[in-house]
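Down below is the structure, laid out as structure tokens.
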Amino acid sequence: MKIKKLVFVDNITGCGKGDADTLYIALKPAAYSYLKKQGANVHSTINYFTNDSHKKALEKSEALMKWIRRELKFKSLDIGVNRAYSDLFSFWMRLEIHYFLWTTEIIRNAAILHKPEIIAAALPGKYASMKLSIESEECYLGTLAQAMARNENIEFENLSKSRIKHAKNFPDIDTRRIKHLIKFILKYVKFYIWQRVLYFRNMNNKKRPVFFATMHYNMHSLANDLKKAIPDRKFYLFTGPILSYTKIPRIFIKMFERRFAKTILGQKELLDGFATKLGKETTLFSSNGISFSSMLSHKIKANITDHIISFYLWTAKLDSCLDIIKPGMVISNGNRSDDIALAELCLRKKIPDILISHGSHVCPKNKYECIEWGEHGVAFLKAPFSSLVLQSPLAEGYIKAFPTQSNIFRSKPILWGKPAEPNIKANLSKELLELKHEKQNVKIIVHAGTPKMSNNLRLYVYETPDEYLEALSDLANTVKSMKETVLIVKFRPSPEISVNNLRERIPFSENVILSVEEPFNAVLEMADVLISFSSTTIEEALQKKIPVLLYGGQGRYKHVSAGSITLGDPVKPEAVYHVENKQDLKYAIKTILGLNINGKNRDNDLFKPYIYPDHETKPLLNLIEKEVG
């Protein structure tokens, strides 16, 4: 059928069924689900952002980031923080760039394929964002689509009128900024009180306290274990970071940090000047004939500059806080925006600081993986921590590719891969599988993944939301016809994929079960095989000697080296397998399950490359006692 109008949407507001010759391209799963319910002709992004698109965008991203790092300089406060400002700025710049590259590629490919007479999307209105990530309401999608229509001499239709009512639901931007600024100041006051209380509690304590930078990703469990093991040592959660997403008045900058006010205000001028310069680089910051330099420049001025300025204030506050409290150690999992700053400050003050990463880091196998993993590890294994705790040999491969000056400490898994409590596991078996599946010969497959949202894309080594959903759909359709086989989908809802969105896209059945609230380690221990694309769950499975099947992302990536399976080929026992095409999926699953690499029959030799032997590891307690006594 001839497509007359091509409509690009990433928000359900203003979406309707449309005429028979109208095709919607939904950039987000929620919009896709909504339009499907309306009976509209709608496609996801899956056919418009291919594996070649991932490679092309990643190479362009690398070139743009080199220009940014070369052109923008950061002032020093002379407190030992040097990398952190640039790394935080680069982190957000890269995510914004990925959004623009991803969006322009989808628009171009859809326009070329369907050759519409009209392109439609919503143009920006009065809505202003207070977030660092790109939001649908900013309507950059519409600006990019309009530029493509202009380049191809296609009529453009603005859908913004249908969003006027929606925009009224957002409070006035000035009101939001005032409220945010008040909260920001109150947090600083609260931090000051917290700092003074800790100072007086520990002023006469010869054993200096240990700070945990966060309590996310099982850090709370680690903290409780250490408190029991070292009862005479104080452990605290390090409050913060306190960062702003809106402009901080000059008077407050001078009030908070008078000693550094001139330098910080000078940095603001540098950032404003850089944003203006970038805005003029229309050819460099473009993709598929569409320039996004002005939009990126606007995002820097509207959000990111203020965030970096508040980060300067925060690093100065961290510097004085560490001098006042004098902690004996800082333990981080790499989940805070100020982790690099903390590491740099601790390095200068000779305070031991340990990184126990909550993520999975592997050795890159080609240039695209080198680009993405090199960037992804900046705040993790490449940051200047005094010690890195490696929980698996896979991280050793990363260290070989990206050397570190940190002390390497090998341990058994600390933040992930822990055994589940037997009673929880037993209860889950009954709750998830029910009586009809309580048979000795039922095989359990668990799928768990980490898709990245459209405003948080990590190209090539992670799935997009639509790639994640496509892989799940392939699996569900494959397993529902397999006797005595159950697929458990371990799902973590996100702003782009809700539980309802998932249920609308995935054919759940008595053989395909959804798990949301249940503990992952307990669900995983039920599995005969784990299926994933790129996630820490892969390392968790290998630690538990559960074979892994890598699938998804249109077959472009192997998180770890794996034996490929194609229909009819003989398959030998291995710890990790890879399937590229869905046509081979059923054969691969049945063959792996038939090898019975599970339970008591798991061959230890298969999993040796992924598990540290006991003689190479030491308890974390040894490192802590060595560093703080």
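By order of appearance in the structure tokens: chains A, B, ..., then residues from 1 within every chain, and ligands from 1 in the order shown.
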
- Based on DSSP run over this structure's backbone, return all residues of segment 6-214 of chain A in strand (DSSP E), as a list in words.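 These are the residues in question: Leu6, Val7, Phe8, Val9, Thr22, Leu23, Tyr24, Ile25, Ala26, Val42, His43, Ile118, Ile119, Ala120, Ala121, Glu155, Phe156, Glu157, Asn158, Val210, Phe211 and Phe212 of chain A.
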
Output for the residues just chosen: N, CA and C atoms as a short mmCIF file (atom, residue, chain, number, x, y, z; two decimals), in the first residue's frame:
data_model
loop_
_atom_site.label_atom_id
_atom_site.label_comp_id
_atom_site.auth_asym_id
_atom_site.auth_seq_id
_atom_site.Cartn_x
_atom_site.Cartn_y
_atom_site.Cartn_z
N LEU A 6 3.69 9.93 6.65
CA LEU A 6 4.56 9.23 7.58
C LEU A 6 4.64 10.06 8.86
N VAL A 7 4.17 9.49 9.96
CA VAL A 7 4.08 10.24 11.23
C VAL A 7 5.06 9.66 12.23
N PHE A 8 5.94 10.51 12.76
CA PHE A 8 6.91 10.08 13.77
C PHE A 8 6.43 10.52 15.15
N VAL A 9 6.33 9.56 16.08
CA VAL A 9 5.83 9.86 17.42
C VAL A 9 6.70 9.18 18.47
N THR A 22 -1.84 6.24 6.17
CA THR A 22 -0.95 6.87 7.16
C THR A 22 -0.19 5.79 7.91
N LEU A 23 1.11 5.96 8.01
CA LEU A 23 1.94 5.03 8.77
C LEU A 23 2.61 5.78 9.91
N TYR A 24 2.46 5.25 11.12
CA TYR A 24 3.12 5.81 12.29
C TYR A 24 4.42 5.05 12.55
N ILE A 25 5.47 5.79 12.85
CA ILE A 25 6.73 5.20 13.33
C ILE A 25 6.84 5.57 14.80
N ALA A 26 6.68 4.58 15.68
CA ALA A 26 6.72 4.83 17.12
C ALA A 26 8.13 4.61 17.64
N VAL A 42 1.06 0.99 12.50
CA VAL A 42 2.23 1.48 13.23
C VAL A 42 3.37 0.49 13.16
N HIS A 43 4.56 1.01 13.02
CA HIS A 43 5.78 0.22 13.05
C HIS A 43 6.64 0.66 14.24
N ILE A 118 3.86 13.32 2.75
CA ILE A 118 3.84 14.20 3.93
C ILE A 118 4.60 13.52 5.07
N ILE A 119 5.41 14.29 5.75
CA ILE A 119 6.04 13.84 7.00
C ILE A 119 5.44 14.69 8.13
N ALA A 120 5.04 14.03 9.21
CA ALA A 120 4.40 14.74 10.32
C ALA A 120 5.07 14.40 11.64
N ALA A 121 5.16 15.39 12.50
CA ALA A 121 5.70 15.24 13.86
C ALA A 121 5.40 16.52 14.63
N GLU A 155 6.36 17.67 2.02
CA GLU A 155 5.51 18.53 2.84
C GLU A 155 5.61 18.10 4.31
N PHE A 156 5.65 19.08 5.21
CA PHE A 156 5.74 18.78 6.64
C PHE A 156 4.47 19.26 7.35
N GLU A 157 3.99 18.42 8.26
CA GLU A 157 2.81 18.76 9.06
C GLU A 157 3.17 18.79 10.53
N ASN A 158 2.87 19.91 11.18
CA ASN A 158 3.18 20.08 12.59
C ASN A 158 2.03 19.54 13.44
N VAL A 210 34.12 4.22 57.94
CA VAL A 210 34.15 3.82 56.54
C VAL A 210 32.85 4.30 55.89
N PHE A 211 32.98 4.93 54.72
CA PHE A 211 31.82 5.43 53.98
C PHE A 211 31.45 4.47 52.85
N PHE A 212 30.17 4.22 52.72
CA PHE A 212 29.63 3.58 51.52
C PHE A 212 29.05 4.69 50.65
#

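Near segment 223-236 of chain A, within a cut-off of 10 Å and counting only C-alpha atoms, sit the residues Leu198, Arg201, Asn202, Asn205, Lys206, Lys207, Arg208, Pro209, Val210, Phe211, Phe212, Ala213, Thr214, Met215, Asn218, Met219, His220, Thr239, Pro327, Gly328, Met329, Val330, Ile331, Leu620, Leu621, Ile624, Glu625, Val628 and Gly629 of chain A, with same-chain residues fewer than 3 positions away left out.
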
Quick one: contact table of segment 344-460 of chain A to segment 475-486 of chain A, 8 Å max, nearest atom pair and distance in Å to one decimal per residue, counting only C-alpha atoms, chain and number order, as CSV?
residue,atom,partner,partner_atom,distance
A:His437,CA,A:Glu484,CA,7.7
A:Asn441,CA,A:Glu484,CA,6.9
A:Val442,CA,A:Glu484,CA,4.7
A:Lys443,CA,A:Thr485,CA,4.8
A:Ile444,CA,A:Val486,CA,5.0
A:Ile445,CA,A:Val486,CA,6.0

- Message: Between atom CA of Arg250 of chain A and atom CA of Ile173 of chain A, what is the distance in Å, rounded to a tenth?
- Response: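 Separation of atom CA of Arg250 of chain A and atom CA of Ile173 of chain A: 19.6 Å.
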
- Return the single residue from A:Phe200, A:Lys317, A:Asn455, A:Thr104 that is closest to Gly289 of chain A, with distances computed using only C-alpha atoms. A:Thr104

- Give me the residues within 12 Å of Thr45 of chain A as number ranges by chain, counting only C-alpha atoms and dropping any in the same chain fewer than 6 places off. A: 8-10, 24-29, 31-32, 53, 102-110, 454, 464-470

- Using only C-alpha atoms, determine which residues lie at most 8 Å from Gly266 of chain A, disregarding the query and same-chain residues fewer than 4 positions distant; provide the list as a PyMOL selection string. chain A and resi 75+262+270

Selected residues written out with C-alpha atoms, as a JSON list (two decimals), in the first residue's frame:
[["chain", "number", "residue", "atom", "x", "y", "z"],
["A", 75, "LYS", "CA", 39.29, 25.02, 35.15],
["A", 262, "LYS", "CA", 35.67, 33.29, 40.66],
["A", 270, "LEU", "CA", 33.73, 28.78, 29.20]]

- Enter the distance from atom CA of Phe274 of chain A to atom CA of Tyr245 of chain A, in Å, rounded to one decimal.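 Rounded to one decimal, the two atoms are 18.8 Å apart.
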
- helix (DSSP H, G or I) per DSSP on the backbone: members of segment 269-461 of chain A, as a PyMOL selection string: chain A and resi 269-279+293-325+339-349+367-376+393-401+422-433+435-437

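Among the candidates A:Ala448, A:Ile538, A:Met295, A:Ile565, the residue lying nearest to Phe520 of chain A is A:Ala448 (atoms considered: only C-alpha atoms).
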
- Message: Residues near Phe533 of chain A, anyone? I mean within 6 Å using only C-alpha atoms, not counting same-chain ones fewer than 3 positions away, as a list in words.
- Response: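 The filter keeps Leu550, Tyr551 and Gly552 of chain A.
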
- Item | Non-local contacts of Lys382 of chain A (8 Å; only C-alpha atoms; under 6 positions in same chain excluded) as a list in words |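 Near Lys382 of chain A, the qualifying residues are Phe402, Pro403 and Thr404 of chain A.
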
- Just the residues within 6 Å of segment 386-394 of chain A, please, counting only C-alpha atoms, with nothing from its chain fewer than 4 positions along; format it as a PyMOL selection string. chain A and resi 352-356+362+406-413+610-611

Those selected residues, please, written with C-alpha atoms and delivered as a CSV table (one decimal), in the first residue's frame.
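Saved the output as again-v3.csv:
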chain,number,residue,atom,x,y,z
A,352,PRO,CA,41.9,4.3,50.6
A,353,ASP,CA,38.9,4.0,48.2
A,354,ILE,CA,37.6,0.8,46.8
A,355,LEU,CA,35.5,0.2,43.7
A,356,ILE,CA,33.3,-3.0,43.7
A,362,VAL,CA,34.4,-7.6,29.4
A,406,SER,CA,44.7,0.8,40.7
A,407,ASN,CA,45.6,-2.1,42.9
A,408,ILE,CA,43.8,-5.3,41.8
A,409,PHE,CA,42.0,-7.4,44.4
A,410,ARG,CA,40.3,-10.6,43.4
A,411,SER,CA,37.3,-11.8,45.3
A,412,LYS,CA,34.3,-14.1,45.0
A,413,PRO,CA,31.2,-12.2,43.8
A,610,TYR,CA,34.5,-17.5,34.4
A,611,ILE,CA,35.1,-18.3,38.1
